[in-house]
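Okay, so here's the structure we're looking at.
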Amino acid sequence: MSRRTRILSHITLILVSVIMLTPIYWVVKTSISGENLFTYPPSIVPHDPNLFYYVQAWYTVDFVRLFTNSLAIAVLVVVVNLVLNAMAGYALTKHFPGKGMVLGFLLASMMIPFHATIIPAYLLTAKLGLLNSKLGIALPFFSHIVCIFLFKSNFEAIPSSLVQAARLDGLSELRILTRIMLPLSRPAVATNIILSFIWSWNDFLWPLIVVRSPDQETMPLGLVSFLASFEDTTGALYAFCVLVVLPSMLVFLLAQKDFIRGLTTGATKG
Amino acid sequence: MDTPSRHADDRKTAVVAQRMKKPFLSRKTRHLAFVWMLLLPALLVYFAYRAVPLAWNVVLSFSFWAPGKPIRFAGLYQYQELAFYDGIFWEVLKNTAIFMLVIPISIMLALALALLVDQKITGRNIYRTIIFLPYPMMVVAVGIVWRWLYNDNVGLINYALRSMGLISRPIAFLESYDFALAAVIAAAVWQILGFFMIIILTGLQNIPPHLYEAARIDGARAHHRFWRITLPLLRPSLFLCVILGVIASFTSFDLIYTMTNGGPGHATDLLITYIYKAAFTLSRFDYAAAMTVVMFVLFLALALLTNRLAGGDAGKVDISD
Amino acid sequence: MATVEFSSLVKKYGPLEVVHSIDLAIRDGEFVVLVGPSGCGKSTCLRMLAGLEEISGGKILIDGQIVNEIEPRDRNIAMVFQDYALYPHMSVYENMAFSLQYRGFNKKEIKTRVAAAATTLGLTDLLDRRPKQLSGGQRQRVAMGRAIVRDPQVFLFDEPLSNLDAKLRGSMRIEIKKLHRRLGVTTVYVTHDQVEAMTLADRVVVMNNGRIEQVGTPEQVYHHPETLFVASFIGSPTMNLVPAEHDGTLLRLNDGSVLIRQPENKAAQPGAKMFGVRPEDVTVAEGPPPEGHSEVEVVVDVIEALGADTLVFATVAGSPFAARVPPATRLQPGASARLRFPNDKTHLFDADTGKALA
Amino acid sequence: MRNHWVWNRFTITFGMIALAIVAWNIYVSFNDGGRIVGKVVDAMGQPVAGAQVVFWRQTVTSLEKVAETRTDAEGHYRFHNNGQYALVLTARIANAQSARHTVPLWFRNQNVQIAPIVVE
């Protein structure tokens, strides 16, 4: 690569990075200074940064309740996802009569966006008596087909001789999954955790429909009602935004290496 | 067995024979039972929250029904209303189609960025992380942030445009019929760009380098290599992006809800937000169901179309993702 | 230790039958090598014996008991895989101890057994390493160690040396042989390498196209191949095989020249035959042929000097014909030459059935 | 291998966060008496006795009075159980009064020592 293309690449990437980061920077800056809400022109660097907007956000909404609700649902979703997807993915590495049908059904289900089913899903959840409950919010997200296939292709990338050796070593099929397959598929596990966590944590429409009382509200619902009652004229709103975004960011940043590797391993084995 | 220690061998055999117990069910049956036991929970979820709702939706769309009322057959009534009496529906449909510009825009940008980041340049991991960073952010928060960036009095975008001398008076992007949809599209691109870039990047990294080396020896120039090797081999990744993009554009509820709530008028209402309003604010579940069926049919048609364009390998791609 | 028996063993993949009704009895403590080209069904047989493949028909007996329905883990067998199949996320010690943990051994017993196996194989210093940190030969040893600690009834080897370089392969071959002599466990070994088969086996089972061609000691298989396939598969360079016509008294080549006047002890019917002689039984003719010897006129194509001896590749009546001769040979490529062989070292096969004619 | 599962960046990060939360809560539990103490001084820096100090609460739209007290001979004043996470204080004597004194707190009911309020 020539020097010129390298420099051009850097310039382009830096420019894009600035565009990507500016909104994030702007929120963080406002959340620690409360500037730019009323005044014009805006200041680029925060004056007198402090954390008191976070204190305000914390006490203005019942932050602990929102957070624990969201976290409980996300943890439930992530754990169940890992179990169900790994199990289904492992089953799909095997040959059995009806496999084609199962694959067809899963691919067809993948073609149905969840949003296209919200009305009956809502009615069904009501029939199950799960409206306004954490289980009701979590249930539709208990498995992600993308992640099933991710596990499937990761498992298939593991040499079959390892599985056979384990079988001869005396492991039951279930133990092969837990002791051999899963430890060797850490990237797939990481990808699954990230995706199911982000999707559960950030989901808004479904809780909006299912949740009826404030004590079951999740973070995005809390954020929207905060916005409704305080408008966007206080630094606390942006402090709240930061707090809301932080957990999924953190999970992503921690697991991003495995996350990308998980996707790659999946894609190598077509 | 003609070894001298025959006696000892016999004893050992007995022990072994005892340990090699024959199980109750045949191996085939046990294998099958095990596989279905693994599959069942996941399949149940999809059955309950995909297959059943889809059928239910179709039934609802041919009925008159509201919560607490008996269900009556309506024939094509709901669809007739959609097609002939609800002008907003057509506007919403148009908006949804325009909103799909998110897909080509972000895929092209993502492809360019992926190619840049795929080079061996210092800091590429940092660039990659930064560009992906918006994706994990909560869409509701993203909506709030962008709403404020677009603000006509104190918004950063207006400030930037004004200080660059591009506009003389501030524009109220989200209150303008001309700009609102474009503004929402820009925010959507900003968020999903990094996700597409990662998908394309993994596709790029799976292209064996010796293909490029061979092409280079064969005398192919850089742009030949891109059109003849990179792009064809990226087709599965690009197809995946399109499908995910189509899903995202049909389901971009959160962003619209927080940024404009469909306004001004219905200038930024998408199918999904309109369905939500019909069902959960007007309680017209039957009508909303009919719209959902339309949305699903459109989605399916688009998915099949892209699959056709991608060379008819949908199954393969979906498995490889 | 145990006997192993295949009885009318069949393997089908859908409509495709890959193993056609095989019968084989392996004695207690015997070292049997299944050898054949790739796709001949040898690995499939081994994997059916291990329980890794379903048996489509017939039975497998271990120690007199039918094991068709018994899970691999309950068959009390150990297997060494071609790619070693070491668990990459476990240390050498954990790899070796792994199966014992699932067989109800206590920690102390596991420790003793692993230590003993490690000493036997010279792995004691490597117990804390991960498989990634080992060389190919060391991994191979760990794979064997993992099999040994189990103290199984039957040892299975699935091309265990094919990932090693030639030199290491030679020394590992010797170690496997030693190990078998010491432990005396019934062993079934699959390879496509005839050298391994000849050097390791008590008995060699030559397989082709899902059938057993011949079972016998290495000597039997080498000196008395029962079929054309065995003759062509065993030995390097392979046996010279030339189409010939038998008219009752004379064996003629395609070009009409007489190959052997009196085919000895070969009370064969007249007809199309395949004539065979091993390159090492062929010499360069000098003077008149002695009693019981025959000669052919060949055109020399290539001469390969290997040091200890020289390989002469020639053509006779359109068929390739090789000879392994002493290094000091005057033959020149392109020239014609007379090659000689003793009649009692020749083989004759039916051209249609491929069966040896004795 | 065991250690690998215990000591990875996930457990360390989340462990640190948990630890920080615990530490913070311990600190809070020792400092949440809700005591507000301060001093009122005049423009010369002399303590003002008998000044009326009012403790307000900021709501979305307005200020609500929570409590009031008078300074002692040394100019000191004191409130208990403030129950607030942000304070607004004003002080006044006969003909002079202070600017609005806004003090954000780190947590509800925090014990604070407030910088002298100047009346002029």
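The way I read the labels, and the way they are meant: chains A, B, ... in the order of the structure tokens, residue 1 as the first residue of every chain, and ligand 1 as the first ligand shown, with later ones counted on from there.
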
Using DSSP assignments from the backbone, pull out every residue in range 109-200 of chain A that falls under alpha helix (DSSP H) and give it to me as a PyMOL selection string. chain A and resi 109-110+118-127+134-138+145-156+160-168+173-175+186-200

Any idea what's packed within 12 Å of Thr13 in chain D, counting only C-alpha atoms, ignoring anything in its chain fewer than 4 positions away? Could you give it as a short mmCIF file (atom, residue, chain, number, x, y, z; two decimals) with N, CA and C atoms, in the first residue's frame?
```
data_model
loop_
_atom_site.label_atom_id
_atom_site.label_comp_id
_atom_site.auth_asym_id
_atom_site.auth_seq_id
_atom_site.Cartn_x
_atom_site.Cartn_y
_atom_site.Cartn_z
N PRO A 247 -24.70 0.21 29.88
CA PRO A 247 -24.56 -1.24 30.05
C PRO A 247 -24.35 -2.01 28.75
N LEU A 250 -20.93 -1.38 27.47
CA LEU A 250 -19.93 -2.07 28.29
C LEU A 250 -19.85 -3.53 27.88
N VAL A 251 -21.01 -4.16 27.76
CA VAL A 251 -21.03 -5.57 27.35
C VAL A 251 -20.37 -5.73 26.00
N LEU A 253 -18.15 -3.71 24.49
CA LEU A 253 -16.71 -3.43 24.50
C LEU A 253 -15.93 -4.57 25.13
N LEU A 254 -16.53 -5.18 26.15
CA LEU A 254 -15.82 -6.27 26.82
C LEU A 254 -15.69 -7.49 25.92
N ALA A 255 -16.71 -7.75 25.13
CA ALA A 255 -16.73 -9.02 24.40
C ALA A 255 -16.53 -8.83 22.92
N VAL D 6 -12.64 -17.78 36.17
CA VAL D 6 -12.92 -16.84 37.26
C VAL D 6 -12.31 -15.49 36.96
N TRP D 7 -11.04 -15.50 36.55
CA TRP D 7 -10.35 -14.23 36.36
C TRP D 7 -10.31 -13.83 34.90
N ASN D 8 -11.43 -13.47 34.34
CA ASN D 8 -11.39 -12.89 33.01
C ASN D 8 -11.93 -11.47 33.09
N ARG D 9 -11.89 -10.78 31.95
CA ARG D 9 -12.21 -9.35 32.01
C ARG D 9 -13.66 -9.09 32.39
N ILE D 17 -17.19 -3.09 39.47
CA ILE D 17 -18.38 -2.25 39.56
C ILE D 17 -19.15 -2.58 40.84
N ALA D 18 -19.32 -3.86 41.10
CA ALA D 18 -20.05 -4.26 42.31
C ALA D 18 -19.34 -3.74 43.56
N LEU D 19 -18.01 -3.86 43.52
CA LEU D 19 -17.22 -3.39 44.67
C LEU D 19 -17.41 -1.89 44.88
N ALA D 20 -17.36 -1.14 43.77
CA ALA D 20 -17.53 0.30 43.86
C ALA D 20 -18.90 0.64 44.42
#
```

note - CA of Asp74 in chain C and CA of Ser99 in chain C are separated by 11.9 Å

Do you have, as a tab-separated table, the list of residues of chain A lying at most 6 Å from chain C, each with its nearest atom pair and that distance in Å to one decimal, counting only C-alpha atoms and ordered by chain then number?
```
residue	atom	partner	partner_atom	distance
A:Ser161	CA	C:Ala85	CA	5.4
A:Leu162	CA	C:Ala85	CA	4.7
A:Arg167	CA	C:Arg73	CA	5.9
A:Leu168	CA	C:Arg73	CA	4.7
A:Asp169	CA	C:Ser99	CA	4.3
A:Gly170	CA	C:Arg73	CA	4.2
```

Residues within 10 Å of range 96-109 of chain D, only C-alpha atoms, excluding chain neighbours under 3 positions, as a PyMOL selection string: (chain A and resi 50-56+58-59) or (chain D and resi 28-29+31-36+40-42+51-53+55-58+80-93+112+114-120)

Determine which residues of range 60-276 of chain B DSSP labels as strand (DSSP E) from the backbone of this structure, then write them out as a PyMOL selection string. chain B and resi 63-64+72-73

Just-selected residues, N, CA and C atoms written as a PDB file, in the first residue's frame:
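Wrote it out as again.pdb, contents follow:
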```pdb
ATOM      1  N   SER B  63     -61.716 -10.261   9.779  1.00  0.00           N
ATOM      2  CA  SER B  63     -62.791 -10.253  10.769  1.00  0.00           C
ATOM      3  C   SER B  63     -63.074  -8.836  11.247  1.00  0.00           C
ATOM      4  N   PHE B  64     -64.213  -8.720  11.934  1.00  0.00           N
ATOM      5  CA  PHE B  64     -64.458  -7.552  12.779  1.00  0.00           C
ATOM      6  C   PHE B  64     -64.203  -7.996  14.192  1.00  0.00           C
ATOM      7  N   ARG B  72     -66.522 -11.523  14.216  1.00  0.00           N
ATOM      8  CA  ARG B  72     -67.437 -11.720  13.087  1.00  0.00           C
ATOM      9  C   ARG B  72     -66.654 -11.720  11.801  1.00  0.00           C
ATOM     10  N   PHE B  73     -67.102 -12.492  10.850  1.00  0.00           N
ATOM     11  CA  PHE B  73     -66.422 -12.543   9.570  1.00  0.00           C
ATOM     12  C   PHE B  73     -66.645 -11.246   8.811  1.00  0.00           C
TER      13      PHE B  73
END
```

Take CA of Tyr93 in chain C and CA of Met87 in chain A and report the distance between them in Å, one decimal.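 For CA of Tyr93 in chain C relative to CA of Met87 in chain A, the distance reads 28.9 Å.
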
Please determine the contact residues of chain C with respect to chain B at a cut-off of 10 Å, counting only C-alpha atoms, and supply them as an MDAnalysis selection string. chainID C and resid 1:3 27:29 54 62:76 153
